[in-house]
$ cat entry04.txt   # compact mmCIF, C-alpha atoms
# COMPACT_ATOMS: atom_id res chain seq x y z
CA MET L 1 -103.22 39.08 79.46
CA GLN L 2 -105.07 36.16 77.91
CA PHE L 3 -103.39 33.59 80.13
CA ARG L 4 -101.64 33.15 83.45
CA ILE L 5 -98.24 31.62 84.12
CA VAL L 6 -97.67 28.80 86.59
CA SER L 7 -94.28 27.35 87.53
CA ASP L 8 -92.86 24.86 89.96
CA SER L 9 -90.62 26.48 92.55
CA ALA L 10 -87.47 25.60 90.61
CA CYS L 11 -87.87 29.06 89.02
CA ASP L 12 -86.63 30.47 92.37
CA PHE L 13 -88.95 33.47 92.41
CA THR L 14 -89.42 35.49 95.57
CA GLN L 15 -92.91 36.50 96.67
CA GLU L 16 -92.24 39.97 95.25
CA GLN L 17 -91.30 38.60 91.83
CA MET L 18 -94.35 36.35 91.80
CA ALA L 19 -96.62 39.28 92.57
CA HIS L 20 -94.97 41.58 90.04
CA LEU L 21 -95.18 39.06 87.20
CA GLU L 22 -98.50 37.55 88.30
CA VAL L 23 -96.93 34.09 88.37
CA GLU L 24 -98.41 31.28 90.46
CA VAL L 25 -95.78 28.97 91.96
CA VAL L 26 -96.30 25.32 92.91
CA PRO L 27 -93.64 24.47 95.52
CA PHE L 28 -91.37 21.50 95.78
CA TYR L 29 -91.10 19.81 99.17
CA ILE L 30 -87.93 19.59 101.28
CA ALA L 31 -87.13 17.16 104.11
CA PHE L 32 -84.15 16.97 106.46
CA THR L 33 -85.81 14.18 108.43
CA GLU L 34 -87.34 11.19 106.68
CA GLY L 35 -91.00 11.80 105.93
CA GLU L 36 -91.11 15.35 107.33
CA TYR L 37 -91.56 17.36 104.14
CA ARG L 38 -92.17 21.11 104.05
CA LYS L 39 -92.99 23.38 101.13
CA GLU L 40 -90.04 25.29 99.72
CA ARG L 41 -90.16 29.00 100.60
CA GLU L 42 -93.70 28.71 101.96
CA GLU L 43 -92.95 26.57 105.01
CA ILE L 44 -89.16 26.77 105.16
CA SER L 45 -86.88 29.46 103.75
CA VAL L 46 -84.09 28.74 101.32
CA PHE L 47 -81.55 30.41 103.60
CA ALA L 48 -82.61 28.24 106.54
CA CYS L 49 -82.05 25.15 104.40
CA TYR L 50 -78.59 26.25 103.31
CA GLU L 51 -77.69 27.20 106.87
CA LYS L 52 -78.61 23.74 108.08
CA MET L 53 -76.58 22.13 105.29
CA VAL L 54 -73.55 24.23 106.25
CA GLU L 55 -73.90 23.50 109.98
CA GLN L 56 -74.53 19.77 109.39
CA PRO L 57 -72.40 18.85 106.35
CA ASP L 58 -73.12 15.15 106.69
CA VAL L 59 -76.88 15.72 106.42
CA PHE L 60 -78.25 15.34 102.89
CA PRO L 61 -81.80 16.72 102.60
CA LYS L 62 -84.27 15.32 100.10
CA THR L 63 -86.83 16.94 97.85
CA ALA L 64 -90.18 15.72 96.60
CA MET L 65 -91.81 17.12 93.49
CA PRO L 66 -95.21 18.82 93.51
CA THR L 67 -98.09 16.38 93.15
CA SER L 68 -100.59 16.42 90.31
CA GLU L 69 -103.16 17.58 92.86
CA ASP L 70 -100.94 20.55 93.75
CA TYR L 71 -100.90 21.56 90.10
CA LEU L 72 -104.58 20.86 89.62
CA GLN L 73 -105.56 23.25 92.39
CA LYS L 74 -103.61 26.06 90.70
CA PHE L 75 -104.98 25.21 87.26
CA ARG L 76 -108.58 25.13 88.48
CA SER L 77 -108.25 28.49 90.18
CA ILE L 78 -106.96 30.15 87.01
CA LEU L 79 -109.21 28.39 84.51
CA SER L 80 -112.31 29.19 86.56
CA GLN L 81 -111.47 32.88 86.12
CA GLY L 82 -111.55 32.51 82.33
CA PHE L 83 -107.80 32.46 81.68
CA ASP L 84 -105.65 29.89 79.90
CA VAL L 85 -102.54 28.47 81.61
CA LEU L 86 -98.89 28.29 80.59
CA CYS L 87 -97.04 26.04 83.04
CA PHE L 88 -93.25 25.86 83.37
CA CYS L 89 -91.51 22.87 84.95
CA ILE L 90 -87.92 22.10 85.80
CA THR L 91 -86.13 20.03 83.17
CA SER L 92 -87.49 16.50 83.04
CA THR L 93 -83.94 15.11 83.30
CA LEU L 94 -83.84 16.24 86.94
CA SER L 95 -87.42 15.73 88.10
CA GLY L 96 -90.82 14.25 87.28
CA SER L 97 -92.49 17.60 87.97
CA VAL L 98 -93.49 17.99 84.31
CA GLN L 99 -95.24 14.60 84.35
CA ALA L 100 -97.26 15.64 87.41
CA ALA L 101 -98.25 18.84 85.61
CA HIS L 102 -99.34 16.87 82.52
CA LEU L 103 -101.56 14.62 84.66
CA ALA L 104 -103.15 17.71 86.21
CA ARG L 105 -103.60 19.24 82.75
CA THR L 106 -105.59 16.23 81.54
CA GLU L 107 -107.94 16.41 84.51
CA ALA L 108 -108.27 20.19 84.34
CA LEU L 109 -109.25 20.16 80.67
CA GLU L 110 -111.97 17.61 81.37
CA GLU L 111 -113.49 20.20 83.70
CA PHE L 112 -112.73 23.23 81.47
CA PRO L 113 -112.74 21.91 77.87
CA GLN L 114 -113.11 25.42 76.42
CA ARG L 115 -109.77 26.56 77.89
CA GLN L 116 -106.11 25.76 77.13
CA VAL L 117 -103.38 24.47 79.42
CA VAL L 118 -99.89 24.24 77.94
CA VAL L 119 -97.17 22.49 79.99
CA VAL L 120 -93.56 23.30 79.14
CA ASP L 121 -90.52 21.22 79.98
CA SER L 122 -88.22 24.19 80.46
CA PHE L 123 -85.02 22.17 79.79
CA CYS L 124 -83.55 24.19 82.63
CA ALA L 125 -83.89 25.27 86.26
CA THR L 126 -83.26 28.06 88.77
CA VAL L 127 -82.21 31.47 87.35
CA GLU L 128 -82.50 30.28 83.75
CA GLN L 129 -86.05 29.05 84.32
CA GLY L 130 -86.89 32.35 86.00
CA LEU L 131 -85.50 34.34 83.07
CA LEU L 132 -87.56 32.31 80.60
CA ILE L 133 -90.70 33.00 82.61
CA GLU L 134 -89.95 36.73 82.68
CA GLN L 135 -89.69 36.72 78.90
CA ALA L 136 -92.94 34.74 78.66
CA ALA L 137 -94.60 37.39 80.80
CA LYS L 138 -93.40 40.04 78.35
CA ALA L 139 -94.88 38.03 75.49
CA ALA L 140 -98.19 37.90 77.34
CA GLN L 141 -98.10 41.64 77.92
CA ALA L 142 -97.43 42.12 74.20
CA GLY L 143 -100.65 40.30 73.39
CA TYR L 144 -99.30 36.86 72.53
CA SER L 145 -101.68 33.96 73.11
CA VAL L 146 -100.69 31.02 75.28
CA THR L 147 -99.87 28.90 72.20
CA GLN L 148 -97.86 31.69 70.54
CA THR L 149 -95.89 32.23 73.74
CA ALA L 150 -95.28 28.50 74.16
CA GLN L 151 -93.97 28.31 70.59
CA TRP L 152 -91.58 31.19 71.29
CA ILE L 153 -90.39 29.46 74.48
CA GLU L 154 -89.75 26.18 72.63
CA ASP L 155 -87.23 27.97 70.46
CA ALA L 156 -85.80 30.16 73.22
CA LYS L 157 -85.12 27.33 75.66
CA ARG L 158 -82.80 25.70 73.12
CA ARG L 159 -80.64 28.81 73.15
CA ALA L 160 -80.58 29.20 76.92
CA HIS L 161 -77.63 28.25 79.13
CA ILE L 162 -76.48 27.93 82.73
CA TYR L 163 -72.80 27.83 83.65
CA PHE L 164 -71.92 27.18 87.27
CA THR L 165 -69.61 25.69 89.83
CA ILE L 166 -70.21 24.14 93.23
CA GLY L 167 -68.30 23.54 96.44
CA ASP L 168 -67.82 19.83 95.75
CA LEU L 169 -69.61 16.91 94.13
CA ARG L 170 -70.80 15.11 97.25
CA HIS L 171 -74.42 16.22 96.95
CA LEU L 172 -74.65 15.47 93.23
CA GLN L 173 -73.23 12.04 93.92
CA LYS L 174 -75.50 11.38 96.88
CA GLY L 175 -78.63 12.37 94.99
CA GLY L 176 -77.78 10.35 91.91
CA ARG L 177 -78.08 13.49 89.74
CA ILE L 178 -74.51 13.69 88.58
CA GLY L 179 -75.15 12.36 85.04
CA LYS L 180 -72.25 12.96 82.70
CA ALA L 181 -70.30 14.70 85.46
CA ILE L 182 -69.49 11.33 87.04
CA LYS L 183 -66.05 11.40 85.41
CA LEU L 184 -65.24 14.50 87.40
CA ALA L 185 -66.18 12.76 90.63
CA ALA L 186 -63.78 9.96 89.78
CA ILE L 187 -60.94 12.46 89.48
CA ALA L 188 -61.25 14.08 92.92
CA LEU L 189 -64.14 15.51 94.86
CA LYS L 190 -62.01 18.38 96.11
CA ILE L 191 -61.39 19.75 92.62
CA LYS L 192 -63.83 22.50 91.68
CA PRO L 193 -66.00 21.33 88.79
CA LEU L 194 -67.23 23.58 86.01
CA LEU L 195 -70.69 22.54 84.84
CA HIS L 196 -73.01 23.50 82.01
CA LEU L 197 -76.76 22.86 81.88
CA PHE L 198 -77.93 23.00 78.27
CA GLU L 199 -81.05 21.54 76.67
CA GLY L 200 -81.83 19.78 79.93
CA GLU L 201 -78.54 17.91 80.16
CA LEU L 202 -75.76 18.48 82.69
CA HIS L 203 -72.31 18.56 81.10
CA PRO L 204 -68.87 18.81 82.75
CA ILE L 205 -66.84 21.45 80.94
CA GLY L 206 -63.71 21.57 83.07
CA ILE L 207 -62.14 21.65 86.50
CA ALA L 208 -60.29 24.24 88.54
CA ARG L 209 -57.93 24.02 91.48
CA SER L 210 -59.68 26.74 93.47
CA ARG L 211 -62.99 28.54 93.74
CA LYS L 212 -61.42 31.76 92.46
CA LYS L 213 -60.05 30.04 89.38
CA ALA L 214 -63.36 28.31 88.78
CA LEU L 215 -65.24 31.61 88.73
CA ALA L 216 -62.60 33.21 86.51
CA SER L 217 -62.94 30.30 84.08
CA LEU L 218 -66.73 30.73 83.95
CA LEU L 219 -66.33 34.39 83.08
CA SER L 220 -63.75 33.52 80.43
CA ASP L 221 -66.23 31.08 78.88
CA LEU L 222 -68.88 33.80 78.92
CA TYR L 223 -66.59 36.19 77.08
CA LYS L 224 -65.71 33.57 74.45
CA GLN L 225 -69.40 32.79 73.92
CA PHE L 226 -70.04 36.27 72.49
CA ALA L 227 -66.63 37.68 71.51
CA ASP L 228 -66.72 36.26 67.99
CA GLY L 229 -69.85 38.27 67.18
CA LYS L 230 -71.74 35.27 65.77
CA GLN L 231 -74.65 36.08 68.05
CA SER L 232 -75.60 39.49 69.39
CA ILE L 233 -75.21 39.79 73.13
CA GLN L 234 -78.01 42.36 73.08
CA ASP L 235 -80.43 39.56 72.15
CA PHE L 236 -80.05 37.95 75.60
CA VAL L 237 -80.83 38.68 79.24
CA PHE L 238 -78.61 37.53 82.12
CA ALA L 239 -78.76 36.66 85.80
CA VAL L 240 -76.29 35.49 88.44
CA GLY L 241 -77.37 32.83 90.91
CA HIS L 242 -75.84 32.18 94.33
CA GLY L 243 -76.38 29.79 97.22
CA TYR L 244 -75.58 30.36 100.89
CA ASP L 245 -72.99 33.09 100.28
CA LYS L 246 -74.85 36.15 98.97
CA GLU L 247 -71.78 38.38 99.28
CA GLU L 248 -69.82 36.09 96.99
CA GLY L 249 -72.74 36.21 94.57
CA GLU L 250 -72.74 39.99 94.50
CA ALA L 251 -68.98 40.14 93.98
CA PHE L 252 -69.28 37.68 91.10
CA ARG L 253 -72.18 39.69 89.63
CA ILE L 254 -69.99 42.81 89.57
CA GLN L 255 -67.19 40.90 87.84
CA MET L 256 -69.63 39.52 85.30
CA GLN L 257 -71.05 43.00 84.70
CA GLU L 258 -67.55 44.18 83.81
CA VAL L 259 -67.08 41.33 81.33
CA LEU L 260 -70.43 42.08 79.70
CA ALA L 261 -69.58 45.79 79.53
CA SER L 262 -66.40 44.93 77.61
CA LEU L 263 -68.69 43.24 75.09
CA GLY L 264 -70.96 46.28 74.82
CA TYR L 265 -73.71 45.06 77.16
CA HIS L 266 -74.66 47.59 79.83
CA GLU L 267 -77.94 46.39 81.34
CA LYS L 268 -77.81 45.50 85.01
CA VAL L 269 -77.43 41.78 85.65
CA ALA L 270 -79.94 40.42 88.17
CA LEU L 271 -78.78 38.63 91.31
CA ARG L 272 -80.95 35.68 92.36
CA GLU L 273 -80.90 33.16 95.20
CA ILE L 274 -80.69 29.59 93.92
CA GLY L 275 -83.48 27.66 95.58
CA ILE L 276 -83.22 24.50 97.61
CA THR L 277 -84.83 22.41 94.84
CA ILE L 278 -81.44 22.68 93.12
CA GLY L 279 -79.45 23.29 96.30
CA VAL L 280 -80.02 19.79 97.68
CA HIS L 281 -78.16 18.46 94.63
CA THR L 282 -75.42 21.10 94.41
CA GLY L 283 -74.77 21.59 98.11
CA PRO L 284 -74.92 25.01 99.80
CA TYR L 285 -72.37 26.75 97.58
CA PRO L 286 -73.61 26.83 93.98
CA ILE L 287 -72.75 29.94 92.01
CA GLY L 288 -72.95 30.79 88.35
CA PHE L 289 -74.95 32.56 85.70
CA GLY L 290 -77.71 31.90 83.22
CA PHE L 291 -78.86 33.64 80.06
CA VAL L 292 -81.82 33.28 77.74
CA PRO L 293 -83.00 34.98 74.54
CA ARG L 294 -84.75 38.28 74.99
CA PHE L 295 -88.38 38.38 73.88
CA GLN L 296 -88.89 40.59 70.85
CA LYS L 297 -92.30 40.85 69.26
CA GLN L 298 -92.34 39.76 65.64

$ encode --input "entry04.txt" --output "C-alpha cells"
Amino acid sequence: MQFRIVSDSACDFTQEQMAHLEVEVVPFYIAFTEGEYRKEREEISVFACYEKMVEQPDVFPKTAMPTSEDYLQKFRSILSQGFDVLCFCITSTLSGSVQAAHLARTEALEEFPQRQVVVVDSFCATVEQGLLIEQAAKAAQAGYSVTQTAQWIEDAKRRAHIYFTIGDLRHLQKGGRIGKAIKLAAIALKIKPLLHLFEGELHPIGIARSRKKALASLLSDLYKQFADGKQSIQDFVFAVGHGYDKEEGEAFRIQMQEVLASLGYHEKVALREIGITIGVHTGPYPIGFGFVPRFQKQ
C-alpha cells in the first residue's frame, strides 16, 4: 500500500476491523456531564452509552469533534513512515470534523511537503462511511495511489445511501440536527420516521405507525431501488446498522438478506453497531441499512 487510511470514529469500526484494514481512527468525544468528555470506544464503549441513554431517557449526551491536533498526531505518525494519507470524515452537514482535518492537513504538509494528504468529506456516516473505507482499502490493495482512490471515492459517495428509522425524534430535535425532517417532528414525535441520508443531506421519506411497519417499509424501498434493473445490485455492498438492540439488528439483517436474495444477491450482509457519534442524535434505537458501490479495478 502506498498510503494509509485515517477516519474519524463516525465510521464505527471495531478494534478488530481497524487492525484488519490498517485504518487509524481519530475518535469523537462524548459527554453525559457538562465538560466531562471521553473518547468514543477508547474511553467509553458504545454499548455503555446506549445503556445510559435507555436508563436515563431525559439525559441527552453531547459529542465534540476531534481537534485538528488529534488529526495532526495521526498524520505525522503516518507521514513520518513514508506513506501518504487518505482521511475520511463524517459528512460536513453534521459535523465540523472535516474542517479540523483540513487544518491538520495544512500543518502536516508544511512538515512533510514531499507527501500527500487527501481529506474526504464522506457525505455520509456510520455503516455507510465504514463501507466506503473498506472499498478504499481494496483500491489501495489493488495498487491505486491516494489520488486515484480519492477520485474513485468522490464518484462512489454520490451513489451511496443510508435508509433508517429511529425510536423517536427527541434526540434529533434536541441536538438541532433534524434538518429537513422537522416537518415530521411537527406531525407527532411518536410516529416512526423513515429517513434517508444521501449526498450528506438528511431527508424524511415517510412515516409508519409502528416499528415493525417502519422496518418493513425500509425493506420495501430497498427492493424497489433495484427491482427495475436500472442498476446492478451486484455492483454494491451492504451493511445493517443497529443501536442498543443487537438482537433486533440481527433479525432485520436476516430479513434484508432474504429481500436481497430475491433480487439475486447472495453475499452475506454485515451487521454493524452504530456508534455514539450518531447515536446521540438518533437516540438509542437507530436501525437501518447502508450500501455503497463496490470497488472494481478499471

$ residues_around --input "entry04.txt" --residues "L:Asp245" --least-positions-apart "5" --cutoff "12 Å" --atoms "all atoms listed in the file" --output "ChimeraX atom specification"
/L:46-47,50-51,54,166-167,250-252,272-274,283-287

$ closest_residue --input "entry04.txt" --among "L:Met256, L:Cys87, L:Val146, L:Leu202" --to "L:Leu215" --atoms "only C-alpha atoms"
L:Met256

$ atom_distance --input "entry04.txt" --atom1 "atom CA of L:Leu132" --atom2 "atom CA of L:Ile90"
11.5 Å

$ residues_around --input "entry04.txt" --residues "L:Glu24" --least-positions-apart "3" --cutoff "7 Å" --atoms "all atoms listed in the file" --output "list in words"
Ile5, Val6, Ser7 and Met18 of chain L

$ residues_around --input "entry04.txt" --residues "L:Ser95" --least-positions-apart "6" --cutoff "10 Å" --atoms "all atoms listed in the file" --output "list in words"
Thr63, Ala64, Met65, Pro66, Cys89, Arg177 and Thr277 of chain L

$ residues_around --input "entry04.txt" --residues "L:Ser217" --least-positions-apart "6" --cutoff "10 Å" --atoms "all atoms listed in the file" --output "ChimeraX atom specification"
/L:165,194,206-208,211,223

$ closest_residue --input "entry04.txt" --among "L:Gly200, L:Gly96, L:Pro61, L:Gly243" --to "L:Ala125" --atoms "all atoms listed in the file"
L:Gly200
